[in-house]
Amino acid sequence: MKLQRDVYIAGVGETVFGKHKIDYDELGRNAAFQAIKASNIDSPGMIGSAYVGNAHNGIVTGQTIFKDLGVCGTTPIINVESACSAGAMAVHLAIKDVAYGLTELSMGVGAENHTLRRKSGTAFMPAMNDIETVHGGVMTGKYAMRATRYMYETGATIEDLALITQKSRRHGKNNPHAPFGGDYTIQEIIDSRMIAYPLTLHQCCGIVDGAGAVVVCSKEMVKKLGIEKPVKVRGSVVTSGPYHNRPRDITGDDITEMTSEMLYEESGIGPKDVDILELHDAFTIAELLYYECMQLCGKGEGLKFLRDGQATYGGQCVVSPRGGMLSYGHPIGASGAAQIAANVKQLRGECNGYQVEPIPKVAMSHVTGGGLSGTEHAACTMHMITADW
Amino acid sequence: MAEKKKVKKEKEPDITFYHPDLLAVPENEPPYLKGYKCKKCGQLDFPKVTPCANCWGEEFEMVPLSRKGTLYSFSDLYIGQPGLETPYICGYIDLPENVRIFAMLKGEVNTFKCNEEVELTTGPIRMNTDGLPITSYMFQKA
């Protein structure tokens, strides 16, 4: 999207992720109210529009979240669904409203509660009208096949994949929002229950509940609100999965390659300039492939990039500084917004105990959505944001 | 007032074969998958996409696809869809017609390898709402 004027992030919010007894609307409201307070917003009337990402919790999710905050009435609240990309897409739409002058201030929220409704012990899958789903397709399987092929072509092992979990959960160890953060041995990771060969339990994101919220606004509004550390939106890109049923290289990811290219061009920031990155690490293999897809390193160099410590503290780009989905778990509609919230807190130096040093200036986020047959993913949403103070 | 006569609507039986547009199982002959070639642009697709996603052509010629292909990748699934017995195996099969098929694989876990030759077969992919198996295409080692 070509931004027609400067857009800033004023404030963000995120809940603790994990198994919650409260429903998506309360989670969403908690994150939204945190973001509202962090943005010094003092009345509901200041919010020009709100977008709410959710995947599985039913109808009018956004209005349910916002009515108790007094943000209904003349404020348009629009619900956004694109599986895992929903939360980031909600933020994208809020940015669009401000960028095109439709509003001075808008909100993007992602919220989801899976565990109140979902039976454990089964995998997520696309809808039953998808030909792959009819034939047993599940998301774990789709990623596992990428891992199988990657291992076949490169000689990588399950132990190599486990390095991703070990690195990211170490990042998330002191993050109070990330329930799976901690120190894990490679043996523990590969000895955990097999989910979809070669992906073991600790290589898969947990199914949890949570919410994230982002307030975006114009430059004038940043001044009016008195925001001391405004974060500038440098790029926001949404794409849809290229469709075909011909052989394709699944050790790459066509939609992520395309979306990141577009984001680099739009933002004028190249892959080597990104300080921190939250990406769609729903499974270990995904992160490994995405290093290459996003050109953090060359094709075939993903494992070397990881082993050389380029994806952790002191490396080229700290990948999953909040701990990633492997530490947070992945409430489908919430993750995209929560990634952006976490990135903003890193840029502002607010991550006590898990702050990247030196404090990063450039943050990127990436979340795909939906395993639709004939595509690698149905959607992809990416954001580039920078410290601007 | 005349009482309304209650007519109990018979439930239509659920499908047991998936799907005649995709798979043919002739008697005394091996099964084959049906590819569809767009008469306007010549693009061959499986499954049938109407209209043609390349040119929006609406007329197609059915082309039987090769029975043998290469297993591009696979996974042994230990946690699967609700209602499906585990473990089961799924894979991507590349056919010589430059088409990739996602299918369940018939065989044992821990036995498949990338780039192996596999062949078309049929088998139950799930149960229908009447509790009967639904037959569709599957692949096995050639």
# chains A, B, ... in the order shown; residues from 1 in each chain; ligands from 1

$ residues_around --residues "Thr122 (chain B)" --least-positions-apart "3" --cutoff "7 Å" --atoms "only C-alpha atoms" --output "VMD selection string"
chain B and resid 135 to 138

$ write_last_selection --atoms "N, CA, C and O atoms" --output "compact mmCIF listing (two decimals), in the first residue's frame"
# COMPACT_ATOMS: atom_id res chain seq x y z
N THR B 135 -14.89 -43.47 -0.60
CA THR B 135 -13.76 -43.90 -1.42
C THR B 135 -13.25 -42.73 -2.26
O THR B 135 -14.03 -41.97 -2.82
N SER B 136 -11.92 -42.60 -2.31
CA SER B 136 -11.34 -41.59 -3.20
C SER B 136 -9.97 -42.07 -3.67
O SER B 136 -9.58 -43.21 -3.41
N TYR B 137 -9.26 -41.19 -4.34
CA TYR B 137 -7.92 -41.55 -4.82
C TYR B 137 -6.92 -41.55 -3.66
O TYR B 137 -7.02 -40.76 -2.73
N MET B 138 -5.98 -42.47 -3.73
CA MET B 138 -4.84 -42.52 -2.80
C MET B 138 -3.64 -42.96 -3.64
O MET B 138 -3.80 -43.35 -4.80

$ closest_atom_pairs --of "chain A" --to "chain B" --cutoff "7 Å" --atoms "only C-alpha atoms" --output "CSV"
residue,atom,partner,partner_atom,distance
A:Gly121,CA,B:Ile79,CA,6.6
A:Thr122,CA,B:Gly80,CA,5.6
A:Ala123,CA,B:Gly80,CA,5.4
A:Glu132,CA,B:Phe102,CA,6.2
A:His135,CA,B:Ala103,CA,6.0
A:Gly136,CA,B:Gln81,CA,6.7
A:Val138,CA,B:Gly80,CA,6.6
A:Gly141,CA,B:Ser75,CA,6.0
A:Ala144,CA,B:Ser75,CA,5.9
A:Met145,CA,B:Phe74,CA,5.0
A:Thr148,CA,B:Ser73,CA,6.3
A:Arg149,CA,B:Ser73,CA,5.5
A:Tyr152,CA,B:Cys114,CA,6.9
A:Met194,CA,B:Tyr78,CA,6.5
A:Ile195,CA,B:Tyr78,CA,5.1
A:Ala196,CA,B:Leu77,CA,4.4
A:Tyr197,CA,B:Asp76,CA,5.2
A:Asn245,CA,B:Arg100,CA,5.6
A:Arg246,CA,B:Val99,CA,4.5
A:Pro247,CA,B:Arg100,CA,5.3

$ write_last_selection --atoms "C-alpha atoms" --output "mmCIF file, in the first residue's frame"
data_model
loop_
_atom_site.group_PDB
_atom_site.id
_atom_site.type_symbol
_atom_site.label_atom_id
_atom_site.label_comp_id
_atom_site.auth_asym_id
_atom_site.auth_seq_id
_atom_site.Cartn_x
_atom_site.Cartn_y
_atom_site.Cartn_z
ATOM 1 C CA GLY A 121 -5.728 -33.368 20.503
ATOM 2 C CA THR A 122 -6.646 -32.406 16.946
ATOM 3 C CA ALA A 123 -4.931 -30.230 14.363
ATOM 4 C CA GLU A 132 -6.934 -31.215 0.467
ATOM 5 C CA HIS A 135 -8.193 -35.913 1.829
ATOM 6 C CA GLY A 136 -6.924 -35.476 5.388
ATOM 7 C CA VAL A 138 -4.046 -30.379 8.257
ATOM 8 C CA GLY A 141 1.015 -31.770 7.776
ATOM 9 C CA ALA A 144 5.767 -31.071 7.980
ATOM 10 C CA MET A 145 5.947 -31.773 4.252
ATOM 11 C CA THR A 148 10.584 -33.364 4.983
ATOM 12 C CA ARG A 149 11.539 -31.868 1.647
ATOM 13 C CA TYR A 152 15.847 -34.284 1.915
ATOM 14 C CA MET A 194 5.632 -36.672 17.415
ATOM 15 C CA ILE A 195 2.863 -34.529 15.889
ATOM 16 C CA ALA A 196 3.598 -34.715 12.174
ATOM 17 C CA TYR A 197 6.910 -36.218 11.163
ATOM 18 C CA ASN A 245 -1.751 -26.859 -8.938
ATOM 19 C CA ARG A 246 1.606 -27.322 -10.603
ATOM 20 C CA PRO A 247 4.769 -28.445 -8.840
#

$ residues_around --residues "Tyr32 (chain B)" --least-positions-apart "4" --cutoff "9 Å" --atoms "only C-alpha atoms" --output "PyMOL selection string"
chain B and resi 22-26+64-67+120-121+137

$ residues_around --residues "Lys299 (chain A)" --least-positions-apart "6" --cutoff "10 Å" --atoms "only C-alpha atoms" --output "PyMOL selection string"
chain A and resi 251-252+289+291-293

$ closest_atom_pairs --of "region 216-286 of chain A" --to "region 82-106 of chain A" --cutoff "8 Å" --atoms "only C-alpha atoms" --output "Markdown table"
| residue | atom | partner | partner_atom | distance |
| --- | --- | --- | --- | --- |
| A:Val216 | CA | A:Ser106 | CA | 5.5 |
| A:Cys217 | CA | A:Leu105 | CA | 4.2 |
| A:Ser218 | CA | A:Glu104 | CA | 5.4 |
| A:Met221 | CA | A:Glu104 | CA | 6.6 |
| A:Ser236 | CA | A:His92 | CA | 6.1 |
| A:Val237 | CA | A:His92 | CA | 7.5 |
| A:Val238 | CA | A:Met89 | CA | 7.1 |

$ atom_distance --atom1 "CA of Pro358 (chain A)" --atom2 "CA of Gly329 (chain A)"
26.7 Å

$ select_by_dssp --residues "chain B" --states "strand (DSSP E or B)" --output "PyMOL selection string"
chain B and resi 17+23-24+32-38+44-45+60-64+68-77+88-95+99-106+117-127+133-141

$ closest_residue --among "A:Glu257, A:Glu112, A:Glu278, A:Asp23" --to "Ile340 (chain A)" --atoms "only C-alpha atoms"
A:Glu278

$ select_by_dssp --residues "region 224-387 of chain A" --states "alpha helix (DSSP H)" --output "NGL selection string"
:A and (224-225 or 254-267 or 284-293 or 302-307 or 324-328 or 335-347)

$ write_last_selection --atoms "C-alpha atoms" --output "PDB file, in the first residue's frame"
ATOM      1  CA  LYS A 224      -1.980  16.355  20.222  1.00  0.00           C
ATOM      2  CA  LEU A 225      -1.735  13.160  22.287  1.00  0.00           C
ATOM      3  CA  ASP A 254       6.189 -17.756  -3.054  1.00  0.00           C
ATOM      4  CA  ILE A 255       3.819 -15.480  -1.128  1.00  0.00           C
ATOM      5  CA  THR A 256       6.386 -14.553   1.550  1.00  0.00           C
ATOM      6  CA  GLU A 257       9.022 -13.867  -1.115  1.00  0.00           C
ATOM      7  CA  MET A 258       6.599 -11.601  -2.989  1.00  0.00           C
ATOM      8  CA  THR A 259       5.295  -9.785   0.096  1.00  0.00           C
ATOM      9  CA  SER A 260       8.722  -9.110   1.600  1.00  0.00           C
ATOM     10  CA  GLU A 261       9.997  -7.781  -1.760  1.00  0.00           C
ATOM     11  CA  MET A 262       7.022  -5.391  -1.845  1.00  0.00           C
ATOM     12  CA  LEU A 263       7.619  -4.322   1.756  1.00  0.00           C
ATOM     13  CA  TYR A 264      11.326  -3.595   1.148  1.00  0.00           C
ATOM     14  CA  GLU A 265      10.441  -1.498  -1.858  1.00  0.00           C
ATOM     15  CA  GLU A 266       7.637   0.376  -0.125  1.00  0.00           C
ATOM     16  CA  SER A 267       9.623   1.118   3.016  1.00  0.00           C
ATOM     17  CA  THR A 284      10.231 -24.570  13.382  1.00  0.00           C
ATOM     18  CA  ILE A 285      10.695 -25.270   9.689  1.00  0.00           C
ATOM     19  CA  ALA A 286       8.811 -22.114   8.708  1.00  0.00           C
ATOM     20  CA  GLU A 287      11.322 -19.809  10.384  1.00  0.00           C
ATOM     21  CA  LEU A 288      14.239 -21.548   8.703  1.00  0.00           C
ATOM     22  CA  LEU A 289      12.688 -21.145   5.258  1.00  0.00           C
ATOM     23  CA  TYR A 290      11.668 -17.560   5.880  1.00  0.00           C
ATOM     24  CA  TYR A 291      15.253 -16.419   6.616  1.00  0.00           C
ATOM     25  CA  GLU A 292      15.886 -17.275   2.985  1.00  0.00           C
ATOM     26  CA  CYS A 293      12.533 -16.109   1.588  1.00  0.00           C
ATOM     27  CA  GLY A 302      19.222 -20.594   6.349  1.00  0.00           C
ATOM     28  CA  LEU A 303      20.808 -23.195   8.588  1.00  0.00           C
ATOM     29  CA  LYS A 304      24.189 -21.483   8.472  1.00  0.00           C
ATOM     30  CA  PHE A 305      22.507 -18.174   9.360  1.00  0.00           C
ATOM     31  CA  LEU A 306      20.937 -19.837  12.407  1.00  0.00           C
ATOM     32  CA  ARG A 307      24.027 -21.769  13.499  1.00  0.00           C
ATOM     33  CA  GLY A 324       7.817 -15.924  18.656  1.00  0.00           C
ATOM     34  CA  MET A 325       4.731 -18.070  18.281  1.00  0.00           C
ATOM     35  CA  LEU A 326       6.816 -20.972  19.593  1.00  0.00           C
ATOM     36  CA  SER A 327       6.893 -19.179  22.987  1.00  0.00           C
ATOM     37  CA  TYR A 328       3.560 -17.335  22.873  1.00  0.00           C
ATOM     38  CA  SER A 335      -1.062 -13.172  16.679  1.00  0.00           C
ATOM     39  CA  GLY A 336      -0.592 -10.659  13.859  1.00  0.00           C
ATOM     40  CA  ALA A 337      -1.586  -7.691  16.030  1.00  0.00           C
ATOM     41  CA  ALA A 338       0.331  -9.025  19.044  1.00  0.00           C
ATOM     42  CA  GLN A 339       3.543  -9.299  16.978  1.00  0.00           C
ATOM     43  CA  ILE A 340       3.319  -5.594  16.108  1.00  0.00           C
ATOM     44  CA  ALA A 341       2.563  -4.675  19.715  1.00  0.00           C
ATOM     45  CA  ALA A 342       5.642  -6.601  20.871  1.00  0.00           C
ATOM     46  CA  ASN A 343       7.831  -4.972  18.216  1.00  0.00           C
ATOM     47  CA  VAL A 344       6.728  -1.485  19.302  1.00  0.00           C
ATOM     48  CA  LYS A 345       7.646  -2.289  22.905  1.00  0.00           C
ATOM     49  CA  GLN A 346      11.117  -3.441  21.778  1.00  0.00           C
ATOM     50  CA  LEU A 347      11.692  -0.226  19.800  1.00  0.00           C
TER      51      LEU A 347
END

$ residues_around --residues "Glu59 (chain B)" --least-positions-apart "4" --cutoff "9 Å" --atoms "only C-alpha atoms" --output "short mmCIF file (atom, residue, chain, number, x, y, z; two decimals) with N, CA and C atoms, in the first residue's frame"
data_model
loop_
_atom_site.label_atom_id
_atom_site.label_comp_id
_atom_site.auth_asym_id
_atom_site.auth_seq_id
_atom_site.Cartn_x
_atom_site.Cartn_y
_atom_site.Cartn_z
N LYS B 37 -8.36 -30.09 -19.63
CA LYS B 37 -7.57 -29.20 -20.48
C LYS B 37 -8.50 -28.13 -21.02
N CYS B 38 -8.14 -26.86 -20.78
CA CYS B 38 -8.98 -25.75 -21.26
C CYS B 38 -8.91 -25.69 -22.79
N LYS B 39 -10.05 -25.65 -23.43
CA LYS B 39 -10.07 -25.65 -24.90
C LYS B 39 -9.62 -24.31 -25.47
N LYS B 40 -9.62 -23.28 -24.61
CA LYS B 40 -9.24 -21.95 -25.10
C LYS B 40 -7.72 -21.73 -25.00
N THR B 50 -13.46 -24.23 -12.80
CA THR B 50 -14.42 -23.65 -13.75
C THR B 50 -14.80 -22.25 -13.31
N PRO B 51 -14.58 -21.21 -14.09
CA PRO B 51 -13.90 -21.23 -15.40
C PRO B 51 -12.40 -21.45 -15.23
N CYS B 52 -11.68 -21.62 -16.35
CA CYS B 52 -10.23 -21.78 -16.32
C CYS B 52 -9.62 -20.57 -15.61
#

$ residues_around --residues "Glu117 (chain B)" --least-positions-apart "2" --cutoff "8 Å" --atoms "only C-alpha atoms" --output "NGL selection string"
:B and (68-71 or 115 or 119 or 141-142)

$ atom_distance --atom1 "CA of Gly371 (chain A)" --atom2 "CA of Met139 (chain A)"
6.5 Å

$ atom_distance --atom1 "CA of Met382 (chain A)" --atom2 "CA of Lys37 (chain A)"
25.6 Å

$ decode --residues "region 253-315 of chain A" --atoms "C-alpha atoms" --output "mmCIF file, in the first residue's frame"
data_model
loop_
_atom_site.group_PDB
_atom_site.id
_atom_site.type_symbol
_atom_site.label_atom_id
_atom_site.label_comp_id
_atom_site.auth_asym_id
_atom_site.auth_seq_id
_atom_site.Cartn_x
_atom_site.Cartn_y
_atom_site.Cartn_z
ATOM 1 C CA ASP A 253 7.387 -19.737 -0.064
ATOM 2 C CA ASP A 254 6.189 -17.756 -3.054
ATOM 3 C CA ILE A 255 3.819 -15.480 -1.128
ATOM 4 C CA THR A 256 6.386 -14.553 1.550
ATOM 5 C CA GLU A 257 9.022 -13.867 -1.115
ATOM 6 C CA MET A 258 6.599 -11.601 -2.989
ATOM 7 C CA THR A 259 5.295 -9.785 0.096
ATOM 8 C CA SER A 260 8.722 -9.110 1.600
ATOM 9 C CA GLU A 261 9.997 -7.781 -1.760
ATOM 10 C CA MET A 262 7.022 -5.391 -1.845
ATOM 11 C CA LEU A 263 7.619 -4.322 1.756
ATOM 12 C CA TYR A 264 11.326 -3.595 1.148
ATOM 13 C CA GLU A 265 10.441 -1.498 -1.858
ATOM 14 C CA GLU A 266 7.637 0.376 -0.125
ATOM 15 C CA SER A 267 9.623 1.118 3.016
ATOM 16 C CA GLY A 268 12.976 1.777 1.376
ATOM 17 C CA ILE A 269 14.460 -0.490 4.043
ATOM 18 C CA GLY A 270 16.379 -3.572 2.916
ATOM 19 C CA PRO A 271 16.544 -7.019 4.555
ATOM 20 C CA LYS A 272 20.021 -6.382 5.991
ATOM 21 C CA ASP A 273 18.785 -3.244 7.791
ATOM 22 C CA VAL A 274 16.109 -4.995 9.846
ATOM 23 C CA ASP A 275 17.132 -5.139 13.535
ATOM 24 C CA ILE A 276 14.334 -7.342 14.889
ATOM 25 C CA LEU A 277 11.764 -9.584 13.231
ATOM 26 C CA GLU A 278 8.650 -11.384 14.397
ATOM 27 C CA LEU A 279 7.689 -13.934 11.760
ATOM 28 C CA HIS A 280 5.163 -16.708 11.335
ATOM 29 C CA ASP A 281 7.090 -19.360 13.262
ATOM 30 C CA ALA A 282 4.052 -21.553 13.854
ATOM 31 C CA PHE A 283 6.427 -24.479 13.231
ATOM 32 C CA THR A 284 10.231 -24.570 13.382
ATOM 33 C CA ILE A 285 10.695 -25.270 9.689
ATOM 34 C CA ALA A 286 8.811 -22.114 8.708
ATOM 35 C CA GLU A 287 11.322 -19.809 10.384
ATOM 36 C CA LEU A 288 14.239 -21.548 8.703
ATOM 37 C CA LEU A 289 12.688 -21.145 5.258
ATOM 38 C CA TYR A 290 11.668 -17.560 5.880
ATOM 39 C CA TYR A 291 15.253 -16.419 6.616
ATOM 40 C CA GLU A 292 15.886 -17.275 2.985
ATOM 41 C CA CYS A 293 12.533 -16.109 1.588
ATOM 42 C CA MET A 294 12.969 -12.683 3.199
ATOM 43 C CA GLN A 295 16.579 -12.495 1.981
ATOM 44 C CA LEU A 296 18.077 -12.210 5.452
ATOM 45 C CA CYS A 297 20.530 -14.679 3.926
ATOM 46 C CA GLY A 298 20.980 -16.374 0.560
ATOM 47 C CA LYS A 299 19.019 -19.364 -0.719
ATOM 48 C CA GLY A 300 20.262 -22.515 1.003
ATOM 49 C CA GLU A 301 22.017 -20.548 3.752
ATOM 50 C CA GLY A 302 19.222 -20.594 6.349
ATOM 51 C CA LEU A 303 20.808 -23.195 8.588
ATOM 52 C CA LYS A 304 24.189 -21.483 8.472
ATOM 53 C CA PHE A 305 22.507 -18.174 9.360
ATOM 54 C CA LEU A 306 20.937 -19.837 12.407
ATOM 55 C CA ARG A 307 24.027 -21.769 13.499
ATOM 56 C CA ASP A 308 26.235 -18.684 13.130
ATOM 57 C CA GLY A 309 24.023 -16.897 15.646
ATOM 58 C CA GLN A 310 22.785 -14.347 13.113
ATOM 59 C CA ALA A 311 19.162 -14.742 14.319
ATOM 60 C CA THR A 312 19.831 -14.089 17.983
ATOM 61 C CA TYR A 313 21.318 -11.408 20.263
ATOM 62 C CA GLY A 314 24.383 -9.828 18.674
ATOM 63 C CA GLY A 315 23.545 -11.260 15.237
#
